[in-house]
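S.K.: Just so it is clear, I am handing over entry.csv, which has CSV, C-alpha atoms.
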chain,number,residue,atom,x,y,z
A,633,MET,CA,-54.3,-20.5,12.4
A,634,LYS,CA,-55.9,-19.8,9.0
A,635,PRO,CA,-58.7,-17.9,7.5
A,636,ASP,CA,-61.9,-19.6,6.5
A,637,ASP,CA,-61.7,-18.1,3.1
A,638,SER,CA,-59.3,-15.9,1.1
A,639,ARG,CA,-59.4,-14.1,-2.3
A,640,ARG,CA,-56.8,-12.0,-4.0
A,641,VAL,CA,-58.3,-8.6,-4.9
A,642,PHE,CA,-55.1,-6.8,-6.1
A,643,GLU,CA,-51.9,-8.2,-7.6
A,644,GLY,CA,-49.1,-5.8,-7.9
A,645,LYS,CA,-45.3,-5.9,-8.5
A,646,GLN,CA,-44.4,-4.7,-5.0
A,647,VAL,CA,-47.5,-5.6,-3.0
A,648,SER,CA,-50.7,-7.5,-3.3
A,649,VAL,CA,-54.0,-7.4,-1.3
A,650,GLU,CA,-56.1,-10.3,-0.1
A,651,VAL,CA,-59.5,-10.2,1.5
A,652,GLU,CA,-59.7,-12.9,4.2
A,653,ARG,CA,-62.7,-14.1,6.1
A,654,TRP,CA,-62.1,-15.1,9.7
A,655,GLY,CA,-65.5,-16.2,11.2
A,656,LYS,CA,-67.7,-13.2,10.8
A,657,ARG,CA,-64.7,-10.8,10.3
A,658,GLU,CA,-63.4,-9.7,6.9
A,659,ARG,CA,-59.9,-8.4,6.8
A,660,GLU,CA,-58.0,-6.7,3.9
A,661,ILE,CA,-54.5,-7.9,4.2
A,662,VAL,CA,-51.5,-6.4,2.3
A,663,ARG,CA,-49.1,-9.1,1.3
A,664,HIS,CA,-45.4,-8.2,1.3
A,665,PRO,CA,-42.3,-10.4,0.8
A,666,GLY,CA,-40.7,-9.2,4.1
A,667,ALA,CA,-37.7,-6.9,4.7
A,668,VAL,CA,-34.4,-6.6,6.4
A,669,VAL,CA,-32.9,-3.6,8.2
A,670,ILE,CA,-29.3,-3.3,9.4
A,671,VAL,CA,-27.5,-1.4,12.2
A,672,ALA,CA,-24.0,-1.4,10.6
A,673,VAL,CA,-21.1,-0.2,12.7
A,674,ASP,CA,-17.6,0.4,11.2
A,675,ALA,CA,-14.3,0.0,12.9
A,676,GLU,CA,-14.3,3.8,13.8
A,677,GLY,CA,-17.6,3.2,15.7
A,678,ARG,CA,-19.8,5.0,13.2
A,679,VAL,CA,-23.4,3.9,12.3
A,680,THR,CA,-24.5,4.4,8.7
A,681,LEU,CA,-27.8,6.0,8.0
A,682,VAL,CA,-29.3,6.6,4.5
A,683,ARG,CA,-31.4,9.6,3.4
A,684,GLN,CA,-33.7,9.1,0.5
A,685,LEU,CA,-37.1,10.2,-1.0
A,686,ARG,CA,-39.9,8.1,0.3
A,687,GLU,CA,-42.7,8.7,-2.1
A,688,PRO,CA,-45.5,7.7,0.3
A,689,ALA,CA,-44.3,10.3,2.8
A,690,ARG,CA,-43.8,12.9,0.1
A,691,LYS,CA,-40.4,13.7,1.5
A,692,GLN,CA,-36.9,12.4,2.3
A,693,LEU,CA,-36.5,10.3,5.4
A,694,LEU,CA,-33.4,9.4,7.4
A,695,GLU,CA,-33.4,5.6,7.9
A,696,LEU,CA,-31.2,2.6,8.6
A,697,PRO,CA,-30.2,0.7,5.4
A,698,ALA,CA,-33.0,-1.7,4.5
A,699,GLY,CA,-34.4,-3.7,1.7
A,700,THR,CA,-37.1,-6.0,0.5
A,701,ARG,CA,-36.6,-9.7,0.4
A,702,GLU,CA,-36.2,-11.5,-2.9
A,703,PRO,CA,-37.9,-14.8,-3.5
A,704,ASP,CA,-35.7,-17.8,-2.4
A,705,GLU,CA,-33.1,-15.5,-0.9
A,706,GLU,CA,-32.0,-16.1,2.7
A,707,PRO,CA,-32.7,-13.0,4.8
A,708,LEU,CA,-29.1,-12.7,5.9
A,709,ALA,CA,-28.0,-12.8,2.2
A,710,THR,CA,-30.6,-10.0,1.4
A,711,ALA,CA,-29.2,-7.9,4.3
A,712,ARG,CA,-25.6,-8.3,3.2
A,713,ARG,CA,-26.5,-7.5,-0.4
A,714,GLU,CA,-28.6,-4.4,0.5
A,715,LEU,CA,-25.9,-3.1,2.8
A,716,GLU,CA,-23.3,-3.4,0.1
A,717,GLU,CA,-25.5,-1.9,-2.6
A,718,GLU,CA,-27.0,0.9,-0.6
A,719,ALA,CA,-24.3,1.8,1.8
A,720,GLY,CA,-21.1,0.5,0.3
A,721,LEU,CA,-20.3,-1.7,3.4
A,722,ALA,CA,-19.3,-5.3,3.6
A,723,GLY,CA,-17.7,-7.8,6.0
A,724,GLY,CA,-18.1,-7.6,9.8
A,725,ASP,CA,-19.7,-9.8,12.4
A,726,TRP,CA,-23.4,-10.2,11.9
A,727,ARG,CA,-26.2,-11.4,14.2
A,728,LEU,CA,-30.0,-11.4,14.0
A,729,ALA,CA,-31.1,-9.0,16.8
A,730,ALA,CA,-34.9,-9.0,16.4
A,731,THR,CA,-37.8,-9.9,14.2
A,732,PHE,CA,-41.0,-7.8,14.1
A,733,TYR,CA,-44.0,-6.8,12.0
A,734,SER,CA,-44.0,-3.3,10.6
A,735,THR,CA,-47.8,-2.9,10.9
A,736,PRO,CA,-49.5,-6.1,11.8
A,737,GLY,CA,-53.1,-4.8,11.8
A,738,PHE,CA,-53.3,-5.0,8.0
A,739,CYS,CA,-50.0,-6.1,6.6
A,740,ASP,CA,-47.9,-9.3,6.8
A,741,GLU,CA,-44.5,-7.6,6.3
A,742,LEU,CA,-42.0,-9.2,8.7
A,743,VAL,CA,-38.8,-7.2,9.3
A,744,ARG,CA,-35.6,-8.9,10.3
A,745,LEU,CA,-33.2,-6.6,12.2
A,746,TYR,CA,-29.5,-7.3,12.0
A,747,PHE,CA,-26.5,-5.9,13.9
A,748,ALA,CA,-23.3,-5.9,11.8
A,749,GLU,CA,-20.2,-4.8,13.7
A,750,GLY,CA,-16.8,-4.1,12.2
A,751,VAL,CA,-18.1,-3.5,8.6
A,752,GLU,CA,-15.7,-2.0,6.0
A,753,GLU,CA,-16.1,0.3,3.1
A,754,THR,CA,-16.4,-1.2,-0.4
A,755,GLU,CA,-17.9,-0.1,-3.7
A,756,ARG,CA,-21.5,0.9,-3.7
A,757,ALA,CA,-23.8,-0.5,-6.4
A,758,LEU,CA,-27.0,1.6,-6.4
A,759,GLN,CA,-29.8,0.5,-8.7
A,760,GLU,CA,-30.5,2.9,-11.6
A,761,ASP,CA,-33.6,4.5,-9.9
A,762,GLU,CA,-32.0,4.9,-6.5
A,763,GLU,CA,-30.7,8.2,-5.1
A,764,ILE,CA,-29.5,7.7,-1.6
A,765,ASP,CA,-27.3,10.0,0.6
A,766,LEU,CA,-25.1,8.4,3.3
A,767,LEU,CA,-24.6,9.6,6.8
A,768,ARG,CA,-22.0,8.1,9.1
A,769,VAL,CA,-22.9,8.9,12.6
A,770,PRO,CA,-20.5,8.3,15.6
A,771,LEU,CA,-22.2,6.2,18.3
A,772,ASN,CA,-21.9,9.0,20.8
A,773,GLU,CA,-23.9,11.2,18.5
A,774,LEU,CA,-26.7,8.7,17.8
A,775,GLU,CA,-28.9,9.8,20.7
A,776,ALA,CA,-29.0,13.3,19.2
A,777,VAL,CA,-30.3,11.9,15.9
A,778,ILE,CA,-33.3,9.9,17.4
A,779,PRO,CA,-35.7,12.9,17.4
A,780,GLU,CA,-35.2,13.3,13.7
A,781,ILE,CA,-36.2,9.7,12.9
A,782,GLU,CA,-39.6,9.2,11.4
A,783,ASP,CA,-39.4,5.5,10.5
A,784,ALA,CA,-40.6,2.8,12.9
A,785,LYS,CA,-38.0,0.2,12.0
A,786,THR,CA,-35.1,2.7,12.3
A,787,LEU,CA,-36.4,3.8,15.7
A,788,ALA,CA,-36.7,0.2,16.9
A,789,GLY,CA,-33.3,-0.7,15.4
A,790,LEU,CA,-31.3,2.2,16.8
A,791,LEU,CA,-33.0,2.1,20.3
A,792,LEU,CA,-32.4,-1.7,20.6
A,793,TYR,CA,-28.8,-1.2,19.6
A,794,LEU,CA,-28.2,1.7,22.0
A,795,ARG,CA,-29.9,-0.3,24.8
A,796,GLU,CA,-27.5,-3.2,24.4
A,797,ARG,CA,-24.4,-1.1,24.7
B,1234,MET,CA,-43.5,17.0,-3.7
B,1235,LYS,CA,-46.0,15.2,-5.8
B,1236,PRO,CA,-46.1,12.3,-8.3
B,1237,ASP,CA,-46.4,13.1,-12.1
B,1238,ASP,CA,-49.4,10.8,-12.3
B,1239,SER,CA,-51.5,8.7,-10.0
B,1240,ARG,CA,-54.3,6.1,-10.4
B,1241,ARG,CA,-56.2,4.1,-7.9
B,1242,VAL,CA,-56.0,0.4,-8.5
B,1243,PHE,CA,-57.7,-1.0,-5.4
B,1244,GLU,CA,-60.3,0.6,-3.2
B,1245,GLY,CA,-61.0,-1.3,0.1
B,1246,LYS,CA,-62.7,-0.6,3.4
B,1247,GLN,CA,-59.5,-0.6,5.4
B,1248,VAL,CA,-56.8,0.3,2.8
B,1249,SER,CA,-56.5,1.3,-0.8
B,1250,VAL,CA,-53.7,1.1,-3.3
B,1251,GLU,CA,-52.5,3.7,-5.8
B,1252,VAL,CA,-49.9,3.4,-8.5
B,1253,GLU,CA,-47.9,6.6,-8.8
B,1254,ARG,CA,-45.5,7.6,-11.5
B,1255,TRP,CA,-42.5,9.7,-10.3
B,1256,GLY,CA,-40.3,10.4,-13.3
B,1257,LYS,CA,-39.4,7.0,-14.6
B,1258,ARG,CA,-40.3,5.2,-11.4
B,1259,GLU,CA,-43.6,3.5,-10.8
B,1260,ARG,CA,-44.6,3.0,-7.1
B,1261,GLU,CA,-47.4,1.0,-5.6
B,1262,ILE,CA,-48.5,2.9,-2.6
B,1263,VAL,CA,-50.9,1.6,0.1
B,1264,ARG,CA,-53.1,4.4,1.4
B,1265,HIS,CA,-54.0,4.2,5.1
B,1266,PRO,CA,-55.8,6.8,7.3
B,1267,GLY,CA,-53.0,6.8,9.9
B,1268,ALA,CA,-52.9,5.4,13.4
B,1269,VAL,CA,-52.3,6.2,17.1
B,1270,VAL,CA,-50.4,4.2,19.7
B,1271,ILE,CA,-50.3,4.9,23.4
B,1272,VAL,CA,-47.9,4.2,26.3
B,1273,ALA,CA,-50.4,4.5,29.2
B,1274,VAL,CA,-49.0,4.5,32.7
B,1275,ASP,CA,-51.4,4.3,35.7
B,1276,ALA,CA,-50.8,5.7,39.2
B,1277,GLU,CA,-49.3,2.4,40.3
B,1278,GLY,CA,-46.6,2.8,37.6
B,1279,ARG,CA,-48.0,0.0,35.3
B,1280,VAL,CA,-48.0,0.1,31.5
B,1281,THR,CA,-50.9,-1.5,29.8
B,1282,LEU,CA,-50.2,-3.9,26.9
B,1283,VAL,CA,-52.9,-5.7,24.8
B,1284,ARG,CA,-52.7,-9.2,23.4
B,1285,GLN,CA,-54.9,-10.0,20.3
B,1286,LEU,CA,-55.0,-12.1,17.2
B,1287,ARG,CA,-53.3,-10.3,14.3
B,1288,GLU,CA,-54.6,-12.1,11.2
B,1289,PRO,CA,-51.7,-11.0,8.9
B,1290,ALA,CA,-49.3,-12.6,11.4
B,1291,ARG,CA,-51.4,-15.7,11.9
B,1292,LYS,CA,-51.0,-15.4,15.7
B,1293,GLN,CA,-51.6,-13.3,18.8
B,1294,LEU,CA,-49.2,-10.4,19.3
B,1295,LEU,CA,-48.4,-8.4,22.4
B,1296,GLU,CA,-48.7,-4.7,21.6
B,1297,LEU,CA,-49.3,-1.2,23.0
B,1298,PRO,CA,-53.0,-0.1,22.7
B,1299,ALA,CA,-53.4,1.4,19.2
B,1300,GLY,CA,-56.0,2.3,16.7
B,1301,THR,CA,-56.8,3.6,13.3
B,1302,ARG,CA,-57.8,7.2,12.7
B,1303,GLU,CA,-61.3,8.0,11.8
B,1304,PRO,CA,-62.0,10.7,9.1
B,1305,ASP,CA,-62.3,14.2,10.7
B,1306,GLU,CA,-61.2,13.0,14.1
B,1307,GLU,CA,-58.3,14.7,15.8
B,1308,PRO,CA,-55.4,12.2,16.5
B,1309,LEU,CA,-55.5,12.9,20.3
B,1310,ALA,CA,-59.3,12.2,20.3
B,1311,THR,CA,-58.7,8.9,18.5
B,1312,ALA,CA,-56.0,8.0,21.0
B,1313,ARG,CA,-58.2,8.7,24.0
B,1314,ARG,CA,-61.1,6.9,22.5
B,1315,GLU,CA,-59.0,3.8,21.6
B,1316,LEU,CA,-57.4,3.7,25.0
B,1317,GLU,CA,-60.8,3.7,26.7
B,1318,GLU,CA,-62.4,1.2,24.4
B,1319,GLU,CA,-59.5,-1.3,24.2
B,1320,ALA,CA,-57.9,-0.9,27.6
B,1321,GLY,CA,-60.5,0.6,29.8
B,1322,LEU,CA,-58.3,3.6,30.7
B,1323,ALA,CA,-59.1,7.3,30.8
B,1324,GLY,CA,-57.8,10.6,32.2
B,1325,GLY,CA,-54.2,11.3,32.8
B,1326,ASP,CA,-51.7,13.7,31.4
B,1327,TRP,CA,-51.1,13.3,27.6
B,1328,ARG,CA,-48.4,14.4,25.3
B,1329,LEU,CA,-47.4,13.6,21.7
B,1330,ALA,CA,-44.0,11.9,22.0
B,1331,ALA,CA,-43.2,11.0,18.4
B,1332,THR,CA,-44.6,10.7,14.9
B,1333,PHE,CA,-43.3,8.1,12.5
B,1334,TYR,CA,-44.2,6.0,9.4
B,1335,SER,CA,-44.8,2.3,10.0
B,1336,THR,CA,-43.3,1.3,6.6
B,1337,PRO,CA,-42.6,4.2,4.4
B,1338,GLY,CA,-41.2,2.3,1.4
B,1339,PHE,CA,-44.7,1.4,0.2
B,1340,CYS,CA,-47.3,2.8,2.7
B,1341,ASP,CA,-48.3,6.2,3.9
B,1342,GLU,CA,-49.5,5.1,7.3
B,1343,LEU,CA,-48.3,7.8,9.8
B,1344,VAL,CA,-48.3,6.7,13.5
B,1345,ARG,CA,-48.7,9.2,16.3
B,1346,LEU,CA,-47.2,8.0,19.6
B,1347,TYR,CA,-48.6,9.4,22.8
B,1348,PHE,CA,-47.4,9.1,26.4
B,1349,ALA,CA,-50.3,9.2,28.9
B,1350,GLU,CA,-49.3,9.3,32.5
B,1351,GLY,CA,-51.6,8.9,35.5
B,1352,VAL,CA,-54.5,7.1,33.6
B,1353,GLU,CA,-57.3,5.6,35.6
B,1354,GLU,CA,-59.4,2.5,35.1
B,1355,THR,CA,-62.9,2.9,33.6
B,1356,GLU,CA,-65.3,0.7,31.7
B,1357,ARG,CA,-64.0,-1.0,28.5
B,1358,ALA,CA,-66.2,-0.8,25.4
B,1359,LEU,CA,-64.8,-3.4,23.0
B,1360,GLN,CA,-66.3,-3.5,19.5
B,1361,GLU,CA,-68.3,-6.7,18.7
B,1362,ASP,CA,-65.5,-8.3,16.8
B,1363,GLU,CA,-62.7,-7.5,19.2
B,1364,GLU,CA,-61.1,-10.0,21.6
B,1365,ILE,CA,-58.3,-8.4,23.5
B,1366,ASP,CA,-56.5,-9.5,26.6
B,1367,LEU,CA,-55.0,-6.9,28.9
B,1368,LEU,CA,-51.6,-7.0,30.6
B,1369,ARG,CA,-50.6,-4.4,33.2
B,1370,VAL,CA,-46.8,-4.5,33.4
B,1371,PRO,CA,-44.9,-2.6,36.2
B,1372,LEU,CA,-42.3,-0.3,34.7
B,1373,ASN,CA,-39.4,-2.1,36.3
B,1374,GLU,CA,-40.5,-5.3,34.5
B,1375,LEU,CA,-40.9,-3.6,31.1
B,1376,GLU,CA,-37.3,-4.3,30.0
B,1377,ALA,CA,-38.0,-8.0,30.4
B,1378,VAL,CA,-41.0,-7.9,28.1
B,1379,ILE,CA,-39.0,-6.2,25.2
B,1380,PRO,CA,-37.7,-9.5,23.7
B,1381,GLU,CA,-41.3,-10.8,23.4
B,1382,ILE,CA,-42.4,-7.8,21.3
B,1383,GLU,CA,-42.9,-8.4,17.6
B,1384,ASP,CA,-44.5,-5.1,16.6
B,1385,ALA,CA,-42.5,-2.2,15.4
B,1386,LYS,CA,-44.6,0.6,16.9
B,1387,THR,CA,-44.7,-1.1,20.3
B,1388,LEU,CA,-40.9,-1.5,20.2
B,1389,ALA,CA,-40.4,2.1,19.3
B,1390,GLY,CA,-43.0,3.3,21.9
B,1391,LEU,CA,-41.7,1.3,24.8
B,1392,LEU,CA,-38.0,2.0,24.1
B,1393,LEU,CA,-38.7,5.7,23.6
B,1394,TYR,CA,-40.5,5.8,26.9
B,1395,LEU,CA,-37.9,3.8,28.8
B,1396,ARG,CA,-35.2,6.1,27.4
B,1397,GLU,CA,-36.8,9.2,28.8
B,1398,ARG,CA,-37.1,7.9,32.3
Could you render the structure as structure tokens?
M.R.:
Amino acid sequence: MKPDDSRRVFEGKQVSVEVERWGKREREIVRHPGAVVIVAVDAEGRVTLVRQLREPARKQLLELPAGTREPDEEPLATARRELEEEAGLAGGDWRLAATFYSTPGFCDELVRLYFAEGVEETERALQEDEEIDLLRVPLNELEAVIPEIEDAKTLAGLLLYLRER
Amino acid sequence: MKPDDSRRVFEGKQVSVEVERWGKREREIVRHPGAVVIVAVDAEGRVTLVRQLREPARKQLLELPAGTREPDEEPLATARRELEEEAGLAGGDWRLAATFYSTPGFCDELVRLYFAEGVEETERALQEDEEIDLLRVPLNELEAVIPEIEDAKTLAGLLLYLRER
């Protein structure tokens, strides 16, 4: 399934935009390299959440650790790298729990959700421009955090994890 | 909370892109008018899902009825209009169940999730370029549909609804 025609109208460092023609329809499509998001649970049964400024929202949001895919990097490698850098967690048993589009009406960002159980603390390695607070939430307090979540992938990730337990 | 500087680098019909400077950081931000998504349950206890081609995904996806906000339209009015146009459903008791960003790392799209219970069938009014199949799923079969869902707002919406019951 392909468009009849496609032209790039914006080329950025983080995203680009293409206008595609599908029959009589024209669609503006934001191209994104894809992302990973992780429900990481440590041996004490705590899930790590991160709080950081999200410029598009003009405020700090509470989210699962996540990151953007790098070219030629396997999604699982991205997920392990991001979890270590952002949250200072490594090891554990990993599995791909779901794959979904963040907003498929106009953007091709595909998100891979991982569950990582039994992760252990290691050294964080935040990038120079990152300021991220960590929250370790015991599983039995997770339900109480849900109303505070304003990020789709975090809602999906936490609710899918809670549902499996 | 505001950027130090902002310039529009792409102006489209559906989205636009701005480059913002926040201190030393530059961020490409996709501007979107916002969206609504609806868990609509009829008197027989069936939830309506829609299946349609999503060009960015290059395939059909199964989703909750949803739509983009129009300028100067109240979100609840958008939601009622979209549910009638897309799914041929009207009436019922409505409430705002959650508000979340679809992908807050690079996009300001804010999604309002509504629960509408007791909706009734009416005439559909699809736009000329819309081809949408309807699925009415009994509540007790909803869990079985979850693994097929590849859309973040639909996962969040269905799981939040199931959790409340």
S.K.: I need the chain A residues near chain B as a PyMOL selection string; criterion: at most 9 Å, counting only C-alpha atoms.
M.R.: chain A and resi 633-635+641-642+644-647+649+652+654+656-657+659-663+686-691+693+730-743+761+779+781-789+791-792+795
S.K.: Enumerate, as an MDAnalysis selection string, the protein, DNA and RNA residues whose atoms approach (-28.2, 7.5, 2.4) to within 12 Å, taking into account all atoms listed in the file and the coordinate frame of the file.
M.R.: chainID A and resid 679:686 692:698 715 717:720 756 758 762:769
S.K.: Find the distance between atom CA of Tyr793 of chain A and atom CA of Arg678 of chain A and write it in Å to one decimal.
M.R.: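 Between atom CA of Tyr793 of chain A and atom CA of Arg678 of chain A the gap works out to 12.7 Å.
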S.K.: For atom CA of Leu1346 of chain B and atom CA of Val1274 of chain B, determine how far apart the two atoms are, in Å to one decimal place.
M.R.: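 Atom-to-atom, atom CA of Leu1346 of chain B and atom CA of Val1274 of chain B are spaced 13.7 Å apart.
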S.K.: Please compute the atom CA of Thr1311 of chain B-atom CA of Gly1278 of chain B distance, one decimal, in Å.
M.R.: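 Distance reported for this atom pair: 23.4 Å.
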S.K.: May I ask which of the residues B:Pro1308, B:Glu1374, B:Ser1239, B:Glu1354 is the closest one to Gly1267 of chain B, counting all atoms listed in the file?
M.R.: B:Pro1308
S.K.: Please write a file for segment 756-776 of chain A, taken from the block I just shared, that holds N, CA and C atoms and is laid out as a PDB file, in the first residue's frame.
M.R.:
ATOM      1  N   ARG A 756      23.368   6.387  36.056  1.00  0.00           N
ATOM      2  CA  ARG A 756      22.660   7.127  35.008  1.00  0.00           C
ATOM      3  C   ARG A 756      23.660   7.867  34.139  1.00  0.00           C
ATOM      4  N   ALA A 757      23.264   8.112  32.900  1.00  0.00           N
ATOM      5  CA  ALA A 757      24.131   8.865  31.995  1.00  0.00           C
ATOM      6  C   ALA A 757      23.268   9.815  31.182  1.00  0.00           C
ATOM      7  N   LEU A 758      22.703  10.813  31.871  1.00  0.00           N
ATOM      8  CA  LEU A 758      21.839  11.772  31.166  1.00  0.00           C
ATOM      9  C   LEU A 758      22.631  12.571  30.143  1.00  0.00           C
ATOM     10  N   GLN A 759      21.974  12.852  29.027  1.00  0.00           N
ATOM     11  CA  GLN A 759      22.595  13.747  28.047  1.00  0.00           C
ATOM     12  C   GLN A 759      22.627  15.163  28.609  1.00  0.00           C
ATOM     13  N   GLU A 760      23.496  15.981  28.032  1.00  0.00           N
ATOM     14  CA  GLU A 760      23.775  17.296  28.608  1.00  0.00           C
ATOM     15  C   GLU A 760      22.515  18.146  28.778  1.00  0.00           C
ATOM     16  N   ASP A 761      21.572  18.011  27.820  1.00  0.00           N
ATOM     17  CA  ASP A 761      20.395  18.885  27.862  1.00  0.00           C
ATOM     18  C   ASP A 761      19.186  18.216  28.535  1.00  0.00           C
ATOM     19  N   GLU A 762      19.414  17.097  29.224  1.00  0.00           N
ATOM     20  CA  GLU A 762      18.290  16.414  29.863  1.00  0.00           C
ATOM     21  C   GLU A 762      18.220  16.702  31.360  1.00  0.00           C
ATOM     22  N   GLU A 763      17.039  17.056  31.823  1.00  0.00           N
ATOM     23  CA  GLU A 763      16.794  17.193  33.269  1.00  0.00           C
ATOM     24  C   GLU A 763      15.584  16.339  33.580  1.00  0.00           C
ATOM     25  N   ILE A 764      15.820  15.222  34.237  1.00  0.00           N
ATOM     26  CA  ILE A 764      14.758  14.243  34.423  1.00  0.00           C
ATOM     27  C   ILE A 764      14.737  13.785  35.880  1.00  0.00           C
ATOM     28  N   ASP A 765      13.577  13.928  36.526  1.00  0.00           N
ATOM     29  CA  ASP A 765      13.408  13.409  37.887  1.00  0.00           C
ATOM     30  C   ASP A 765      12.857  11.994  37.826  1.00  0.00           C
ATOM     31  N   LEU A 766      13.332  11.171  38.757  1.00  0.00           N
ATOM     32  CA  LEU A 766      12.865   9.779  38.796  1.00  0.00           C
ATOM     33  C   LEU A 766      11.879   9.557  39.931  1.00  0.00           C
ATOM     34  N   LEU A 767      10.891   8.723  39.660  1.00  0.00           N
ATOM     35  CA  LEU A 767       9.932   8.294  40.682  1.00  0.00           C
ATOM     36  C   LEU A 767       9.892   6.779  40.655  1.00  0.00           C
ATOM     37  N   ARG A 768      10.073   6.142  41.805  1.00  0.00           N
ATOM     38  CA  ARG A 768       9.933   4.681  41.855  1.00  0.00           C
ATOM     39  C   ARG A 768       8.615   4.387  42.585  1.00  0.00           C
ATOM     40  N   VAL A 769       7.668   3.843  41.845  1.00  0.00           N
ATOM     41  CA  VAL A 769       6.312   3.660  42.385  1.00  0.00           C
ATOM     42  C   VAL A 769       6.032   2.173  42.629  1.00  0.00           C
ATOM     43  N   PRO A 770       5.737   1.806  43.888  1.00  0.00           N
ATOM     44  CA  PRO A 770       5.389   0.397  44.153  1.00  0.00           C
ATOM     45  C   PRO A 770       4.159  -0.008  43.342  1.00  0.00           C
ATOM     46  N   LEU A 771       4.153  -1.258  42.883  1.00  0.00           N
ATOM     47  CA  LEU A 771       3.064  -1.731  42.020  1.00  0.00           C
ATOM     48  C   LEU A 771       1.690  -1.491  42.630  1.00  0.00           C
ATOM     49  N   ASN A 772       1.564  -1.673  43.950  1.00  0.00           N
ATOM     50  CA  ASN A 772       0.234  -1.502  44.549  1.00  0.00           C
ATOM     51  C   ASN A 772      -0.187  -0.040  44.661  1.00  0.00           C
ATOM     52  N   GLU A 773       0.705   0.888  44.296  1.00  0.00           N
ATOM     53  CA  GLU A 773       0.332   2.315  44.277  1.00  0.00           C
ATOM     54  C   GLU A 773       0.162   2.836  42.851  1.00  0.00           C
ATOM     55  N   LEU A 774       0.348   1.946  41.879  1.00  0.00           N
ATOM     56  CA  LEU A 774       0.335   2.370  40.480  1.00  0.00           C
ATOM     57  C   LEU A 774      -1.042   2.862  40.045  1.00  0.00           C
ATOM     58  N   GLU A 775      -2.080   2.156  40.474  1.00  0.00           N
ATOM     59  CA  GLU A 775      -3.452   2.556  40.116  1.00  0.00           C
ATOM     60  C   GLU A 775      -3.714   4.010  40.513  1.00  0.00           C
ATOM     61  N   ALA A 776      -3.169   4.413  41.669  1.00  0.00           N
ATOM     62  CA  ALA A 776      -3.416   5.766  42.177  1.00  0.00           C
ATOM     63  C   ALA A 776      -2.713   6.830  41.338  1.00  0.00           C
TER      64      ALA A 776
END
